[in-house]
$ cat model-v5.txt   # compact mmCIF, C-alpha atoms and all ligand atoms
# COMPACT_ATOMS: atom_id res chain seq x y z
CA MET H 296 0.00 0.00 0.00
CA ILE H 297 1.47 3.37 -0.96
CA ARG H 298 -1.17 5.86 0.18
CA PRO H 299 -4.87 6.45 0.52
CA ILE H 300 -6.30 8.39 -2.43
CA LYS H 301 -9.68 9.26 -1.09
CA SER H 302 -11.91 8.35 1.77
CA GLY H 303 -15.57 8.50 0.75
CA LYS H 304 -18.74 7.49 2.52
CA GLU H 305 -18.86 4.06 0.90
CA ALA H 306 -15.21 3.17 0.55
CA VAL H 307 -11.58 4.16 0.94
CA VAL H 308 -9.45 3.88 -2.20
CA PHE H 309 -5.72 3.22 -1.93
CA CYS H 310 -2.88 3.47 -4.41
CA CYS H 311 -0.88 0.23 -4.12
CA ARG H 312 2.24 -1.26 -5.63
CA ALA H 313 1.25 -4.20 -7.83
CA HIS H 314 2.52 -7.75 -7.43
CA PRO H 315 5.06 -8.53 -10.19
CA SER H 316 2.69 -11.14 -11.64
CA LEU H 317 0.20 -8.40 -12.50
CA ASP H 318 2.41 -6.87 -15.15
CA ARG H 319 1.77 -3.30 -14.05
CA ASP H 320 3.37 -0.96 -11.50
CA LEU H 321 0.38 0.28 -9.53
CA VAL H 322 -3.15 -0.84 -8.71
CA ALA H 323 -6.09 0.82 -6.98
CA ALA H 324 -7.65 -0.99 -4.01
CA LYS H 325 -11.23 0.05 -3.25
CA VAL H 326 -11.89 -1.03 0.32
CA TYR H 327 -15.58 -0.98 1.20
CA ARG H 328 -16.43 0.36 4.63
CA PRO H 329 -17.45 -2.27 7.17
CA LEU H 330 -21.08 -3.16 7.51
CA GLU H 331 -21.72 -1.46 10.85
CA THR H 332 -20.87 2.00 9.51
CA ARG H 333 -23.03 1.73 6.39
CA SER H 334 -26.67 2.47 5.81
CA PHE H 335 -28.70 0.49 3.31
CA LYS H 336 -31.57 2.98 3.38
CA ARG H 337 -31.16 3.92 -0.24
CA ASP H 338 -30.60 0.35 -1.38
CA GLY H 339 -34.19 -0.46 -2.35
CA VAL H 340 -34.32 1.32 -5.67
CA TYR H 341 -31.00 -0.12 -6.81
CA GLN H 342 -31.57 -3.68 -5.60
CA GLN H 343 -34.87 -4.05 -7.45
CA GLY H 344 -34.67 -6.78 -10.06
CA ARG H 345 -31.07 -7.50 -9.30
CA SER H 346 -31.74 -11.03 -8.04
CA ARG H 347 -32.90 -12.08 -11.52
CA GLY H 348 -29.44 -11.58 -12.94
CA ALA H 349 -27.61 -13.00 -9.94
CA ARG H 350 -29.92 -15.98 -9.33
CA PRO H 351 -29.35 -16.40 -5.62
CA ASP H 352 -30.91 -19.38 -3.89
CA ALA H 353 -34.15 -19.20 -1.90
CA ARG H 354 -32.34 -18.94 1.42
CA MET H 355 -30.33 -15.99 0.21
CA LEU H 356 -33.43 -14.30 -1.20
CA ARG H 357 -35.12 -14.58 2.20
CA ALA H 358 -31.99 -13.23 3.84
CA LEU H 359 -31.93 -10.25 1.47
CA GLY H 360 -35.48 -9.46 2.39
CA ASN H 361 -34.97 -9.25 6.12
CA LYS H 362 -32.87 -7.16 8.42
CA THR H 363 -30.94 -9.88 10.20
CA GLN H 364 -27.17 -9.80 10.41
CA HIS H 365 -27.17 -12.65 7.89
CA GLY H 366 -29.29 -10.57 5.50
CA ARG H 367 -27.07 -7.53 5.88
CA THR H 368 -23.92 -9.55 5.34
CA HIS H 369 -25.37 -10.90 2.10
CA LYS H 370 -26.38 -7.40 0.99
CA PHE H 371 -22.91 -6.06 1.68
CA SER H 372 -21.33 -8.89 -0.25
CA ALA H 373 -23.83 -8.60 -3.13
CA TRP H 374 -23.15 -4.86 -3.41
CA ILE H 375 -19.38 -5.46 -3.85
CA SER H 376 -19.74 -8.38 -6.27
CA HIS H 377 -22.18 -6.28 -8.27
CA GLU H 378 -19.55 -3.56 -8.73
CA LEU H 379 -16.96 -6.17 -9.77
CA SER H 380 -19.23 -7.97 -12.26
CA THR H 381 -20.38 -4.65 -13.75
CA LEU H 382 -16.76 -3.55 -14.23
CA GLN H 383 -15.94 -6.93 -15.80
CA THR H 384 -18.85 -6.76 -18.25
CA LEU H 385 -18.27 -3.16 -19.25
CA HIS H 386 -14.50 -3.41 -19.48
CA ALA H 387 -14.81 -6.50 -21.69
CA ALA H 388 -17.24 -4.52 -23.88
CA GLY H 389 -14.60 -1.84 -24.41
CA ALA H 390 -16.08 0.86 -22.16
CA ASP H 391 -13.87 3.48 -20.48
CA VAL H 392 -13.91 1.91 -17.01
CA PRO H 393 -10.98 0.64 -14.90
CA ASP H 394 -9.75 -2.86 -15.72
CA PRO H 395 -10.99 -4.96 -12.76
CA ILE H 396 -8.39 -7.37 -11.42
CA GLU H 397 -9.86 -9.23 -8.48
CA ARG H 398 -12.10 -9.08 -5.46
CA VAL H 399 -10.86 -10.19 -2.05
CA GLY H 400 -13.52 -9.87 0.67
CA PRO H 401 -14.43 -6.17 0.97
CA VAL H 402 -11.69 -5.09 -1.47
CA ILE H 403 -11.79 -4.66 -5.24
CA LEU H 404 -8.40 -4.41 -6.95
CA MET H 405 -8.51 -2.57 -10.25
CA GLU H 406 -6.45 -0.60 -12.72
CA TYR H 407 -5.09 2.58 -11.12
CA LEU H 408 -5.50 5.85 -12.99
CA GLY H 409 -2.71 8.30 -12.25
CA ASP H 410 1.00 8.11 -11.46
CA ILE H 411 2.87 7.42 -8.26
CA GLU H 412 2.69 11.05 -7.07
CA ASN H 413 -0.71 12.02 -8.42
CA PRO H 414 -3.92 10.04 -8.66
CA ALA H 415 -6.05 11.09 -11.64
CA PRO H 416 -8.29 14.02 -10.63
CA VAL H 417 -12.05 13.69 -10.76
CA LEU H 418 -13.43 15.53 -13.79
CA VAL H 419 -15.30 18.06 -11.67
CA GLY H 420 -12.08 19.93 -10.80
CA VAL H 421 -10.56 19.86 -14.31
CA GLN H 422 -10.41 22.93 -16.58
CA LEU H 423 -11.24 21.87 -20.13
CA ASN H 424 -11.09 24.07 -23.19
CA ARG H 425 -14.09 24.01 -25.47
CA GLU H 426 -12.64 21.52 -27.92
CA GLU H 427 -11.61 19.09 -25.14
CA ALA H 428 -14.99 19.50 -23.45
CA ALA H 429 -16.81 18.61 -26.68
CA ARG H 430 -14.63 15.54 -27.20
CA ILE H 431 -14.98 14.34 -23.59
CA TYR H 432 -18.74 14.94 -23.59
CA GLU H 433 -19.19 12.88 -26.77
CA ARG H 434 -17.10 10.12 -25.25
CA ILE H 435 -19.22 10.05 -22.09
CA LEU H 436 -22.40 9.74 -24.20
CA TRP H 437 -20.75 6.97 -26.19
CA ASN H 438 -20.06 5.14 -22.91
CA VAL H 439 -23.63 5.60 -21.63
CA ASP H 440 -24.89 4.10 -24.91
CA LEU H 441 -22.51 1.16 -24.57
CA PHE H 442 -23.59 0.65 -20.93
CA LEU H 443 -27.23 0.41 -22.12
CA ALA H 444 -26.25 -2.04 -24.83
CA HIS H 445 -24.92 -4.22 -22.00
CA HIS H 446 -28.00 -3.73 -19.79
CA ARG H 447 -26.54 -1.21 -17.38
CA VAL H 448 -27.50 2.24 -16.20
CA HIS H 449 -24.78 3.72 -13.98
CA ALA H 450 -27.33 5.44 -11.69
CA ASP H 451 -24.77 7.69 -9.95
CA LEU H 452 -23.17 9.27 -12.97
CA SER H 453 -21.66 12.70 -12.42
CA PRO H 454 -18.28 14.40 -12.90
CA TYR H 455 -17.46 13.17 -9.36
CA ASN H 456 -17.40 9.61 -10.71
CA MET H 457 -15.26 10.38 -13.75
CA LEU H 458 -11.47 10.48 -13.70
CA PHE H 459 -9.45 12.52 -16.17
CA TRP H 460 -6.00 11.23 -17.06
CA ASN H 461 -3.80 11.72 -20.15
CA GLY H 462 -6.60 13.58 -21.88
CA ALA H 463 -9.10 10.73 -21.49
CA VAL H 464 -12.07 10.07 -19.24
CA THR H 465 -12.61 6.92 -17.13
CA ILE H 466 -15.97 6.29 -15.46
CA ILE H 467 -15.85 4.71 -11.98
CA ASP H 468 -18.03 3.69 -9.01
CA PHE H 469 -20.62 1.10 -10.15
CA PRO H 470 -22.09 -0.70 -7.07
CA GLN H 471 -25.49 0.97 -7.56
CA ALA H 472 -25.72 0.28 -11.33
CA VAL H 473 -29.13 -1.08 -12.37
CA ASP H 474 -30.42 -3.39 -15.10
CA PRO H 475 -32.99 -1.46 -17.19
CA ARG H 476 -34.82 -4.67 -18.14
CA TYR H 477 -35.91 -5.34 -14.58
CA ASN H 478 -35.77 -2.03 -12.70
CA ASP H 479 -38.80 0.29 -12.92
CA ASP H 480 -36.78 3.33 -11.92
CA ALA H 481 -34.02 2.81 -14.49
CA LEU H 482 -35.37 5.30 -17.05
CA GLU H 483 -35.57 8.07 -14.45
CA LEU H 484 -32.09 7.18 -13.20
CA LEU H 485 -30.82 7.40 -16.78
CA VAL H 486 -32.41 10.84 -17.22
CA ARG H 487 -30.76 11.96 -13.98
CA ASP H 488 -27.36 10.56 -15.07
CA LEU H 489 -27.57 12.60 -18.28
CA ALA H 490 -28.73 15.74 -16.47
CA ASN H 491 -25.90 15.49 -13.91
CA THR H 492 -23.42 15.08 -16.74
CA ASN H 493 -24.88 18.05 -18.64
CA ALA H 494 -24.63 20.27 -15.54
CA PHE H 495 -20.84 20.07 -15.67
CA PHE H 496 -20.72 20.92 -19.36
CA ALA H 497 -23.33 23.69 -19.22
CA ASP H 498 -20.80 26.54 -19.08
CA LYS H 499 -18.44 25.00 -21.66
CA GLU H 500 -20.28 26.41 -24.68
CA ILE H 501 -20.93 23.05 -26.30
CA ASP H 502 -24.16 21.50 -27.53
CA VAL H 503 -25.66 19.15 -24.97
CA VAL H 504 -28.50 16.67 -25.44
CA ASP H 505 -31.93 17.02 -23.86
CA PRO H 506 -31.66 14.46 -21.03
CA ARG H 507 -35.19 13.09 -21.33
CA LYS H 508 -35.25 12.93 -25.12
CA HIS H 509 -31.84 11.33 -25.25
CA ALA H 510 -32.71 8.83 -22.49
CA LEU H 511 -35.88 7.81 -24.39
CA ASP H 512 -33.91 7.44 -27.60
CA LEU H 513 -31.42 5.11 -25.84
CA TRP H 514 -34.28 3.28 -24.17
CA ARG H 515 -36.04 2.58 -27.47
CA ARG H 516 -32.85 1.32 -29.06
CA HIS H 517 -31.67 -0.89 -26.21
CA VAL H 518 -34.55 -1.71 -23.89
CA ASP H 519 -38.06 -1.29 -25.29
CA PRO H 520 -38.82 -0.06 -28.86
CA GLN H 521 -42.47 0.59 -27.87
CA ARG H 522 -41.71 3.08 -25.12
N1 LIG H 601 -9.17 3.19 -10.34
C1 LIG H 601 -8.90 4.34 -9.71
N2 LIG H 601 -7.74 5.02 -9.93
C2 LIG H 601 -7.48 6.18 -9.28
N3 LIG H 601 -8.30 6.74 -8.37
C3 LIG H 601 -9.47 6.11 -8.08
C4 LIG H 601 -9.82 4.90 -8.73
N4 LIG H 601 -11.04 4.50 -8.27
C5 LIG H 601 -11.41 5.43 -7.38
N5 LIG H 601 -10.48 6.40 -7.25
C6 LIG H 601 -10.55 7.57 -6.34
O1 LIG H 601 -11.28 7.20 -5.18
C7 LIG H 601 -12.47 7.98 -5.05
C8 LIG H 601 -13.62 7.13 -4.51
O2 LIG H 601 -13.91 6.06 -5.40
P1 LIG H 601 -15.39 5.68 -5.79
O3 LIG H 601 -15.34 4.40 -6.56
O4 LIG H 601 -16.05 6.85 -6.45
O5 LIG H 601 -16.07 5.37 -4.37
P2 LIG H 601 -17.09 6.20 -3.43
O6 LIG H 601 -17.48 7.47 -4.15
O7 LIG H 601 -18.24 5.27 -3.28
O8 LIG H 601 -16.36 6.42 -2.16
C9 LIG H 601 -12.70 8.56 -6.44
O9 LIG H 601 -13.39 9.79 -6.37
C10 LIG H 601 -11.29 8.73 -6.96
O10 LIG H 601 -10.72 9.94 -6.48
MG MG H 602 -17.75 7.98 -6.12
$ encode --input "model-v5.txt" --output "structure tokens" --more "lines below"
Ligand SMILES: Nc1ncnc2c1ncn2[C@@H]1O[C@H](COP(=O)(O)OP(=O)(O)O)[C@@H](O)[C@H]1O
Ligand SMILES: [Mg+2]
Amino acid sequence: MIRPIKSGKEAVVFCCRAHPSLDRDLVAAKVYRPLETRSFKRDGVYQQGRSRGARPDARMLRALGNKTQHGRTHKFSAWISHELSTLQTLHAAGADVPDPIERVGPVILMEYLGDIENPAPVLVGVQLNREEAARIYERILWNVDLFLAHHRVHADLSPYNMLFWNGAVTIIDFPQAVDPRYNDDALELLVRDLANTNAFFADKEIDVVDPRKHALDLWRRHVDPQR
């Protein structure tokens, strides 16, 4: 472990030296906060429909539905594996997300963005000229489209969950991602993702999409042509 990068409400992310077998110098370790310090109040909307993809057994489903320690432990674990499997799917599809390496208990090891002195900044603090802003914005929309093509809506997309390094954007932080085929709130979450993205680009003098119209267009192409 070299140093902590950031301590958020869900997790602490560390910059670490990589094992020689990994064929890279550095890795990021996202260490989820222990169960006792977390609240699952906002979980409901994100968890909806998730069990269809994961196919847990009946005992686990019952556990997820109640508030016992067993249920909470399963939820905690499901939340972390969901981030890992989403990163795996999207990275394999060619999206701009960190290359996931492995999960060990509450820790996800993934590609580190940055160098040994400086972790990549989050996009929100980056000054972009108009040309860069237009290119980055297009690339974010391209990623959102690709996410939909692979049945994912990020659901917490904002310039706080985008890293900027070597002129390119990387989208991070996927535990709350939802599957639009099974989640009734996914369209609204998609509209919100686009609106939060637009807010950052509003003063950059570039053309931005209408969040609702664009979300519906993506929805018709990838989820339901009748919508
Ligand atoms: N792969 C990575 N490379 C470099 N920094 C990262 C990486 N992943 C996360 N970070 C840093 O850690 C912070 C928290 O990570 P994030 O996945 O957004 O968790 P949360 O917001 O839930 O705490 C990010 O804002 C970013 O500064
Ligand atoms: Mg985050």
$ closest_atom_pairs --input "model-v5.txt" --of "chain H" --to "ligand LIG 601 (chain H)" --cutoff "7 Å" --atoms "only C-alpha atoms and all ligand atoms" --output "tab-separated table"
residue	atom	partner	partner_atom	distance
H:Ile300	CA	H:LIG601	O1	5.8
H:Lys301	CA	H:LIG601	O1	4.9
H:Ser302	CA	H:LIG601	O8	6.2
H:Gly303	CA	H:LIG601	O8	3.7
H:Lys304	CA	H:LIG601	O8	5.4
H:Glu305	CA	H:LIG601	O7	4.4
H:Ala306	CA	H:LIG601	O8	4.4
H:Val307	CA	H:LIG601	O8	6.1
H:Val308	CA	H:LIG601	O1	4.8
H:Ala323	CA	H:LIG601	N1	5.1
H:Lys325	CA	H:LIG601	N4	6.7
H:Pro393	CA	H:LIG601	N1	5.5
H:Met405	CA	H:LIG601	N1	5.8
H:Glu406	CA	H:LIG601	N1	5.2
H:Tyr407	CA	H:LIG601	N2	3.8
H:Leu408	CA	H:LIG601	N2	3.9
H:Gly409	CA	H:LIG601	C2	6.0
H:Pro414	CA	H:LIG601	C2	5.3
H:Ala415	CA	H:LIG601	C2	5.6
H:Pro416	CA	H:LIG601	O10	6.3
H:Val417	CA	H:LIG601	O10	5.8
H:Tyr455	CA	H:LIG601	O9	6.1
H:Asn456	CA	H:LIG601	O4	5.3
H:Leu458	CA	H:LIG601	C10	7.0
H:Ile467	CA	H:LIG601	O3	5.5
H:Asp468	CA	H:LIG601	O3	3.7
$ closest_residue --input "model-v5.txt" --among "H:Phe496, H:Phe442, H:Trp514, H:Phe459" --to "Leu382 in chain H" --atoms "only C-alpha atoms"
H:Phe442
$ axis_aligned_box --input "model-v5.txt" --around "range 402-415 of chain H" --padding-each-side "4 Å" --output "JSON"
{"center_x": -4.5, "center_y": 3.5, "center_z": -7.2, "size_x": 22.7, "size_y": 25.1, "size_z": 19.5}
$ residues_around --input "model-v5.txt" --residues "Asp505 in chain H" --least-positions-apart "3" --cutoff "10 Å" --atoms "all atoms listed in the file" --output "list in words"
Val486, Leu489, Ala490, Asn493, Asp502, Lys508, His509 and Ala510 of chain H
$ residues_around --input "model-v5.txt" --residues "Asp474 in chain H" --least-positions-apart "5" --cutoff "12 Å" --atoms "all atoms listed in the file" --output "PDB file with C-alpha atoms, in the coordinates of the input"
ATOM      1  CA  VAL H 340     -34.320   1.320  -5.670  1.00  0.00           C
ATOM      2  CA  TYR H 341     -31.000  -0.120  -6.810  1.00  0.00           C
ATOM      3  CA  GLN H 342     -31.570  -3.680  -5.600  1.00  0.00           C
ATOM      4  CA  GLN H 343     -34.870  -4.050  -7.450  1.00  0.00           C
ATOM      5  CA  GLY H 344     -34.670  -6.780 -10.060  1.00  0.00           C
ATOM      6  CA  ARG H 345     -31.070  -7.500  -9.300  1.00  0.00           C
ATOM      7  CA  SER H 346     -31.740 -11.030  -8.040  1.00  0.00           C
ATOM      8  CA  ARG H 347     -32.900 -12.080 -11.520  1.00  0.00           C
ATOM      9  CA  GLY H 348     -29.440 -11.580 -12.940  1.00  0.00           C
ATOM     10  CA  ALA H 349     -27.610 -13.000  -9.940  1.00  0.00           C
ATOM     11  CA  HIS H 377     -22.180  -6.280  -8.270  1.00  0.00           C
ATOM     12  CA  THR H 381     -20.380  -4.650 -13.750  1.00  0.00           C
ATOM     13  CA  PHE H 442     -23.590   0.650 -20.930  1.00  0.00           C
ATOM     14  CA  LEU H 443     -27.230   0.410 -22.120  1.00  0.00           C
ATOM     15  CA  ALA H 444     -26.250  -2.040 -24.830  1.00  0.00           C
ATOM     16  CA  HIS H 445     -24.920  -4.220 -22.000  1.00  0.00           C
ATOM     17  CA  HIS H 446     -28.000  -3.730 -19.790  1.00  0.00           C
ATOM     18  CA  ARG H 447     -26.540  -1.210 -17.380  1.00  0.00           C
ATOM     19  CA  VAL H 448     -27.500   2.240 -16.200  1.00  0.00           C
ATOM     20  CA  HIS H 449     -24.780   3.720 -13.980  1.00  0.00           C
ATOM     21  CA  ALA H 450     -27.330   5.440 -11.690  1.00  0.00           C
ATOM     22  CA  PHE H 469     -20.620   1.100 -10.150  1.00  0.00           C
ATOM     23  CA  ASP H 479     -38.800   0.290 -12.920  1.00  0.00           C
ATOM     24  CA  ASP H 480     -36.780   3.330 -11.920  1.00  0.00           C
ATOM     25  CA  ALA H 481     -34.020   2.810 -14.490  1.00  0.00           C
ATOM     26  CA  LEU H 482     -35.370   5.300 -17.050  1.00  0.00           C
ATOM     27  CA  LEU H 484     -32.090   7.180 -13.200  1.00  0.00           C
ATOM     28  CA  LEU H 485     -30.820   7.400 -16.780  1.00  0.00           C
ATOM     29  CA  TRP H 514     -34.280   3.280 -24.170  1.00  0.00           C
ATOM     30  CA  HIS H 517     -31.670  -0.890 -26.210  1.00  0.00           C
ATOM     31  CA  VAL H 518     -34.550  -1.710 -23.890  1.00  0.00           C
TER      32      VAL H 518
END
$ closest_residue --input "model-v5.txt" --among "H:Arg487, H:Arg522, H:Arg425, H:Arg312" --to "Pro506 in chain H" --atoms "all atoms listed in the file"
H:Arg487
$ closest_residue --input "model-v5.txt" --among "H:Ala428, H:Leu317, H:Val402, H:Leu441" --to "Pro329 in chain H" --atoms "all atoms listed in the file"
H:Val402
$ atom_distance --input "model-v5.txt" --atom1 "CA of Ile501 in chain H" --atom2 "CA of Asp391 in chain H"
21.6 Å
$ atom_distance --input "model-v5.txt" --atom1 "CA of Ser453 in chain H" --atom2 "CA of Arg430 in chain H"
16.6 Å
$ atom_distance --input "model-v5.txt" --atom1 "CA of Val392 in chain H" --atom2 "CA of His314 in chain H"
21.3 Å
$ closest_residue --input "model-v5.txt" --among "H:Val464, H:Ala373, H:Met457, H:Ala494" --to "ligand MG 602 (chain H)" --atoms "all atoms listed in the file"
H:Met457
$ closest_residue --input "model-v5.txt" --among "H:Ala463, H:Leu321, H:Ile375, H:Val504" --to "Glu412 in chain H" --atoms "all atoms listed in the file"
H:Leu321
$ closest_residue --input "model-v5.txt" --among "H:Val473, H:Leu418, H:Ala390, H:Ile396" --to "ligand MG 602 (chain H)" --atoms "all atoms listed in the file"
H:Leu418
$ residues_around --input "model-v5.txt" --residues "Ala324 in chain H" --least-positions-apart "5" --cutoff "6 Å" --atoms "all atoms listed in the file" --output "list in words"
Val308, Phe309, Ile403 and Leu404 of chain H
$ residues_around --input "model-v5.txt" --residues "Trp374 in chain H" --least-positions-apart "4" --cutoff "10 Å" --atoms "all atoms listed in the file" --output "VMD selection string"
chain H and resid 327 338 341 to 342 368 to 370 378 to 379 401 469 to 472
$ write_last_selection --input "model-v5.txt" --atoms "C-alpha atoms" --output "JSON list (two decimals), in the coordinates of the input"
[["chain", "number", "residue", "atom", "x", "y", "z"],
["H", 327, "TYR", "CA", -15.58, -0.98, 1.20],
["H", 338, "ASP", "CA", -30.60, 0.35, -1.38],
["H", 341, "TYR", "CA", -31.00, -0.12, -6.81],
["H", 342, "GLN", "CA", -31.57, -3.68, -5.60],
["H", 368, "THR", "CA", -23.92, -9.55, 5.34],
["H", 369, "HIS", "CA", -25.37, -10.90, 2.10],
["H", 370, "LYS", "CA", -26.38, -7.40, 0.99],
["H", 378, "GLU", "CA", -19.55, -3.56, -8.73],
["H", 379, "LEU", "CA", -16.96, -6.17, -9.77],
["H", 401, "PRO", "CA", -14.43, -6.17, 0.97],
["H", 469, "PHE", "CA", -20.62, 1.10, -10.15],
["H", 470, "PRO", "CA", -22.09, -0.70, -7.07],
["H", 471, "GLN", "CA", -25.49, 0.97, -7.56],
["H", 472, "ALA", "CA", -25.72, 0.28, -11.33]]
